[in-house]
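Containing mmCIF, C-alpha atoms: query_28.cif.
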data_work
#
loop_
_atom_site.label_atom_id
_atom_site.label_comp_id
_atom_site.auth_asym_id
_atom_site.auth_seq_id
_atom_site.Cartn_x
_atom_site.Cartn_y
_atom_site.Cartn_z
CA MET A 1 89.70 131.27 117.17
CA ASN A 2 90.81 132.48 113.77
CA TYR A 3 91.23 130.64 110.49
CA PHE A 4 93.92 130.95 107.84
CA LEU A 5 95.18 129.37 104.64
CA VAL A 6 98.84 128.85 103.76
CA LYS A 7 100.17 127.87 100.36
CA SER A 8 103.08 125.68 99.42
CA GLU A 9 104.37 124.07 96.29
CA PRO A 10 104.07 120.35 97.17
CA SER A 11 107.50 119.62 95.71
CA VAL A 12 108.95 122.15 98.19
CA TYR A 13 106.88 121.28 101.28
CA ALA A 14 103.86 119.00 101.07
CA PHE A 15 101.23 118.47 103.75
CA GLU A 16 102.38 114.83 103.93
CA GLN A 17 105.80 116.07 105.01
CA LEU A 18 104.20 118.08 107.83
CA VAL A 19 102.39 114.94 108.97
CA LYS A 20 105.63 112.94 108.85
CA GLU A 21 107.62 115.57 110.76
CA GLY A 22 104.88 116.35 113.29
CA LYS A 23 105.53 120.10 113.17
CA THR A 24 107.25 122.70 111.04
CA VAL A 25 108.38 126.30 111.08
CA TRP A 26 106.43 128.11 108.34
CA ASP A 27 109.17 130.48 107.24
CA GLY A 28 110.55 132.17 104.17
CA ILE A 29 107.50 134.39 103.62
CA ARG A 30 108.61 137.69 102.07
CA ASN A 31 105.38 139.55 101.42
CA TYR A 32 104.13 142.41 103.60
CA ALA A 33 100.45 141.42 103.51
CA ALA A 34 101.31 137.80 104.29
CA ARG A 35 103.48 138.99 107.18
CA LEU A 36 100.48 140.82 108.65
CA HIS A 37 98.52 137.57 108.55
CA LEU A 38 101.37 135.59 110.12
CA ASN A 39 101.51 138.17 112.92
CA ALA A 40 97.74 137.75 113.45
CA MET A 41 98.02 133.99 114.01
CA LYS A 42 97.48 132.81 117.58
CA LYS A 43 98.16 129.45 119.18
CA GLY A 44 95.29 127.09 118.36
CA ASP A 45 94.16 128.88 115.18
CA LYS A 46 93.16 126.49 112.38
CA VAL A 47 95.09 126.57 109.11
CA LEU A 48 94.10 125.12 105.74
CA VAL A 49 97.10 123.88 103.76
CA TYR A 50 96.87 124.54 100.02
CA HIS A 51 99.11 122.90 97.43
CA THR A 52 99.95 125.23 94.54
CA GLY A 53 101.40 124.33 91.15
CA ASN A 54 99.76 121.51 89.25
CA GLU A 55 97.67 120.36 92.24
CA LYS A 56 95.76 123.57 93.11
CA ARG A 57 93.89 122.08 96.05
CA ILE A 58 93.40 122.33 99.78
CA THR A 59 94.80 119.08 101.07
CA GLY A 60 95.06 119.26 104.85
CA LEU A 61 94.31 120.94 108.13
CA ALA A 62 96.99 122.24 110.49
CA GLN A 63 97.01 124.26 113.68
CA VAL A 64 99.23 127.07 114.94
CA SER A 65 101.36 125.70 117.78
CA ARG A 66 103.59 128.76 118.17
CA PRO A 67 102.55 132.27 117.12
CA ALA A 68 104.76 134.68 115.16
CA PHE A 69 108.45 134.80 116.02
CA ALA A 70 111.56 135.98 114.18
CA ASP A 71 111.97 134.01 110.96
CA PRO A 72 115.17 131.97 111.38
CA SER A 73 115.79 132.09 107.61
CA ASP A 74 115.83 135.93 107.64
CA LYS A 75 119.09 137.78 108.26
CA THR A 76 117.42 141.22 108.36
CA GLY A 77 115.15 140.64 111.34
CA GLU A 78 112.16 142.02 109.42
CA TRP A 79 110.25 138.83 108.77
CA VAL A 80 108.34 136.38 110.93
CA ALA A 81 107.45 132.70 110.95
CA VAL A 82 104.94 130.54 112.82
CA GLU A 83 105.08 126.93 113.92
CA LEU A 84 102.41 124.60 112.58
CA VAL A 85 101.39 121.09 113.60
CA PRO A 86 99.26 118.78 111.45
CA VAL A 87 95.67 118.06 112.45
CA LYS A 88 94.54 115.79 109.62
CA ALA A 89 94.49 115.29 105.90
CA LEU A 90 91.17 116.21 104.34
CA LYS A 91 89.04 113.19 103.43
CA LYS A 92 88.84 114.56 99.92
CA PRO A 93 91.11 117.43 98.81
CA VAL A 94 89.15 120.48 97.69
CA MET A 95 90.21 121.59 94.23
CA LEU A 96 90.52 125.27 93.33
CA ALA A 97 87.99 124.78 90.53
CA VAL A 98 85.43 123.54 93.10
CA ILE A 99 86.17 126.51 95.37
CA LYS A 100 85.73 128.98 92.50
CA ALA A 101 82.46 127.31 91.46
CA ASP A 102 80.91 127.51 94.95
CA LYS A 103 79.02 130.80 95.39
CA ARG A 104 79.56 130.64 99.16
CA LEU A 105 83.30 131.04 98.53
CA MET A 106 83.24 133.78 95.90
CA ASN A 107 84.70 136.34 98.35
CA MET A 108 87.36 134.01 99.73
CA ALA A 109 90.84 135.56 99.57
CA LEU A 110 92.08 132.48 97.70
CA VAL A 111 89.71 133.40 94.86
CA ARG A 112 90.17 137.19 95.02
CA ILE A 113 93.91 137.46 95.84
CA GLY A 114 95.29 134.30 94.32
CA ARG A 115 99.00 135.11 94.65
CA LEU A 116 99.01 135.77 98.41
CA SER A 117 100.79 132.93 100.27
CA VAL A 118 99.21 133.41 103.72
CA MET A 119 95.65 134.67 104.05
CA PRO A 120 92.77 134.84 106.49
CA VAL A 121 89.72 132.62 106.05
CA THR A 122 86.34 133.36 107.60
CA LYS A 123 84.69 130.79 109.85
CA GLU A 124 81.98 130.31 107.22
CA GLU A 125 84.56 129.75 104.46
CA PHE A 126 86.46 127.31 106.67
CA GLU A 127 83.29 125.35 107.45
CA THR A 128 82.34 125.29 103.75
CA ILE A 129 85.77 123.88 102.82
CA ILE A 130 85.42 121.18 105.49
CA GLU A 131 81.92 120.38 104.19
CA LEU A 132 83.21 120.11 100.62
CA SER A 133 86.02 117.83 101.75
CA ASN A 134 83.53 115.44 103.33
CA SER A 135 81.18 115.20 100.35
#
What would the structure in this file look like if it were written as structure tokens?
Amino acid sequence: MNYFLVKSEPSVYAFEQLVKEGKTVWDGIRNYAARLHLNAMKKGDKVLVYHTGNEKRITGLAQVSRPAFADPSDKTGEWVAVELVPVKALKKPVMLAVIKADKRLMNMALVRIGRLSVMPVTKEEFETIIELSNS
């Protein structure tokens, strides 16, 4: 199993909306590095959902229910999307400031490559985030 993090502006698509809908197509990604990560996603992989903007926090856990396929919002055929289903909201959202302050997460892509919208997460980073959300 692999682990990833996806970002969304909550006013555009919030984790709560994913919970309400039961699944979503994660589309509209137009970055080559992010596309590589979307292509690496397999069914069952765990995905942390991060709210950007004023929130700056990991708010929920999702799972890949359908691996990379042609992005329906793309007319060029170059880009891919994945389907995500919600797993659960985190007990306590994990703020970016907390992530940056935790030495165990200093190499996390969210800290190092802040603008990337889809990124891999190591198992250790994933487990640390879950631990922080339970404390």
**Study point:** Contacts of A:Val25 within 7 Å, all atoms listed in the file, excl. fewer than 4 positions in-chain, as a list in words
**Key:** Ala81, Val82, Glu83 and Leu84 of chain A
Point to revise | Using only C-alpha atoms: which of A:Asn107, A:Asn39, A:Thr52, A:Ser133 has the shortest distance to A:Pro67 | key: A:Asn39
Practice item. Using the chain letters and numbers from the file, give me the residues hit by the PyMOL selection byres ((chain A and resi 73) around 8), as a PyMOL selection string. Key: chain A and resi 27-28+71-72+74-75
Step by step, work through what the PyMOL selection byres ((chain A and resi 38) around 12) selects in the shown file, and finish by giving those residues as a PDB file with C-alpha atoms, keeping the file's coordinate frame.
ATOM      1  CA  ASN A   2      90.810 132.480 113.770  1.00  0.00           C
ATOM      2  CA  TYR A   3      91.230 130.640 110.490  1.00  0.00           C
ATOM      3  CA  PHE A   4      93.920 130.950 107.840  1.00  0.00           C
ATOM      4  CA  LEU A   5      95.180 129.370 104.640  1.00  0.00           C
ATOM      5  CA  VAL A   6      98.840 128.850 103.760  1.00  0.00           C
ATOM      6  CA  VAL A  25     108.380 126.300 111.080  1.00  0.00           C
ATOM      7  CA  TRP A  26     106.430 128.110 108.340  1.00  0.00           C
ATOM      8  CA  ASP A  27     109.170 130.480 107.240  1.00  0.00           C
ATOM      9  CA  GLY A  28     110.550 132.170 104.170  1.00  0.00           C
ATOM     10  CA  ILE A  29     107.500 134.390 103.620  1.00  0.00           C
ATOM     11  CA  ARG A  30     108.610 137.690 102.070  1.00  0.00           C
ATOM     12  CA  ASN A  31     105.380 139.550 101.420  1.00  0.00           C
ATOM     13  CA  TYR A  32     104.130 142.410 103.600  1.00  0.00           C
ATOM     14  CA  ALA A  33     100.450 141.420 103.510  1.00  0.00           C
ATOM     15  CA  ALA A  34     101.310 137.800 104.290  1.00  0.00           C
ATOM     16  CA  ARG A  35     103.480 138.990 107.180  1.00  0.00           C
ATOM     17  CA  LEU A  36     100.480 140.820 108.650  1.00  0.00           C
ATOM     18  CA  HIS A  37      98.520 137.570 108.550  1.00  0.00           C
ATOM     19  CA  ASN A  39     101.510 138.170 112.920  1.00  0.00           C
ATOM     20  CA  ALA A  40      97.740 137.750 113.450  1.00  0.00           C
ATOM     21  CA  MET A  41      98.020 133.990 114.010  1.00  0.00           C
ATOM     22  CA  LYS A  42      97.480 132.810 117.580  1.00  0.00           C
ATOM     23  CA  LYS A  43      98.160 129.450 119.180  1.00  0.00           C
ATOM     24  CA  ASP A  45      94.160 128.880 115.180  1.00  0.00           C
ATOM     25  CA  VAL A  47      95.090 126.570 109.110  1.00  0.00           C
ATOM     26  CA  VAL A  64      99.230 127.070 114.940  1.00  0.00           C
ATOM     27  CA  ARG A  66     103.590 128.760 118.170  1.00  0.00           C
ATOM     28  CA  PRO A  67     102.550 132.270 117.120  1.00  0.00           C
ATOM     29  CA  ALA A  68     104.760 134.680 115.160  1.00  0.00           C
ATOM     30  CA  PHE A  69     108.450 134.800 116.020  1.00  0.00           C
ATOM     31  CA  ALA A  70     111.560 135.980 114.180  1.00  0.00           C
ATOM     32  CA  ASP A  71     111.970 134.010 110.960  1.00  0.00           C
ATOM     33  CA  TRP A  79     110.250 138.830 108.770  1.00  0.00           C
ATOM     34  CA  VAL A  80     108.340 136.380 110.930  1.00  0.00           C
ATOM     35  CA  ALA A  81     107.450 132.700 110.950  1.00  0.00           C
ATOM     36  CA  VAL A  82     104.940 130.540 112.820  1.00  0.00           C
ATOM     37  CA  GLU A  83     105.080 126.930 113.920  1.00  0.00           C
ATOM     38  CA  LEU A  84     102.410 124.600 112.580  1.00  0.00           C
ATOM     39  CA  LEU A 116      99.010 135.770  98.410  1.00  0.00           C
ATOM     40  CA  SER A 117     100.790 132.930 100.270  1.00  0.00           C
ATOM     41  CA  VAL A 118      99.210 133.410 103.720  1.00  0.00           C
ATOM     42  CA  MET A 119      95.650 134.670 104.050  1.00  0.00           C
ATOM     43  CA  PRO A 120      92.770 134.840 106.490  1.00  0.00           C
TER      44      PRO A 120
END
Draw an axis-aligned box over all listed atoms of stretch 17-20 of chain A, pad each side with 5 Å, and write its centre and edge lengths in Å, one decimal, as AutoDock Vina command-line options.
--center_x 104.1 --center_y 115.5 --center_z 107.0 --size_x 13.4 --size_y 15.1 --size_z 14.0
Check your understanding: So how far away is atom CA of A:Glu131 from atom CA of A:Thr24, in Å?
Key ->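 So the two atoms, atom CA of A:Thr24 and atom CA of A:Glu131, lie 26.3 Å apart.
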Review point. Counting all atoms listed in the file, which of A:Lys56, A:Thr122, A:Leu61, A:Gly77 gets nearest to A:Met95?
Key: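 The answer is A:Lys56, which sits nearest to A:Met95.
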Check your understanding: How far is it from atom CA of A:Val98 to atom CA of A:Ile58, in Å with one decimal?
Key ->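 Result for atom CA of A:Val98 versus atom CA of A:Ile58: 10.5 Å, one decimal.
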**Study point:** Separation of atom CA of A:Lys23 from atom CA of A:Ala97, in Å and rounded to one decimal
**Key:** 29.0 Å
Practice item. Evaluate the PyMOL selection byres ((chain A and resi 127) around 12) on the structure here and hand back the selected residues as a list in words. Key: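 Evaluating the PyMOL selection byres ((chain A and resi 127) around 12) on this file yields Tyr3, Lys46, Val47, Leu48, Leu61, Arg104, Leu105, Val121, Thr122, Lys123, Glu124, Glu125, Phe126, Thr128, Ile129, Ile130, Glu131, Leu132, Ser133 and Asn134 of chain A.
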Could you write out the selected residues, including C-alpha atoms, as a compact mmCIF listing (two decimals), in the coordinates of the input?
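As a result, result-v7.txt now contains:
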# COMPACT_ATOMS: atom_id res chain seq x y z
CA TYR A 3 91.23 130.64 110.49
CA LYS A 46 93.16 126.49 112.38
CA VAL A 47 95.09 126.57 109.11
CA LEU A 48 94.10 125.12 105.74
CA LEU A 61 94.31 120.94 108.13
CA ARG A 104 79.56 130.64 99.16
CA LEU A 105 83.30 131.04 98.53
CA VAL A 121 89.72 132.62 106.05
CA THR A 122 86.34 133.36 107.60
CA LYS A 123 84.69 130.79 109.85
CA GLU A 124 81.98 130.31 107.22
CA GLU A 125 84.56 129.75 104.46
CA PHE A 126 86.46 127.31 106.67
CA THR A 128 82.34 125.29 103.75
CA ILE A 129 85.77 123.88 102.82
CA ILE A 130 85.42 121.18 105.49
CA GLU A 131 81.92 120.38 104.19
CA LEU A 132 83.21 120.11 100.62
CA SER A 133 86.02 117.83 101.75
CA ASN A 134 83.53 115.44 103.33
**Study point:** Test item: residues at most 7 Å from stretch 88-90 of chain A, all atoms listed in the file, excluding those fewer than 2 positions along its chain, as a count of residues only
**Key:** 8
Polymer residues at most 8 Å from A:Gly44, only C-alpha atoms, same-chain spacing of 4 or more positions, as an mmCIF file with C-alpha atoms, in the frame of the given file:
data_model
loop_
_atom_site.group_PDB
_atom_site.id
_atom_site.type_symbol
_atom_site.label_atom_id
_atom_site.label_comp_id
_atom_site.auth_asym_id
_atom_site.auth_seq_id
_atom_site.Cartn_x
_atom_site.Cartn_y
_atom_site.Cartn_z
ATOM 1 C CA MET A 1 89.700 131.270 117.170
ATOM 2 C CA GLN A 63 97.010 124.260 113.680
ATOM 3 C CA VAL A 64 99.230 127.070 114.940
ATOM 4 C CA SER A 65 101.360 125.700 117.780
#
Point to revise | Counting all atoms listed in the file, the option among A:Ala109, A:Val94, A:Val87, A:Val49 closest to A:Val19 | key: A:Val87
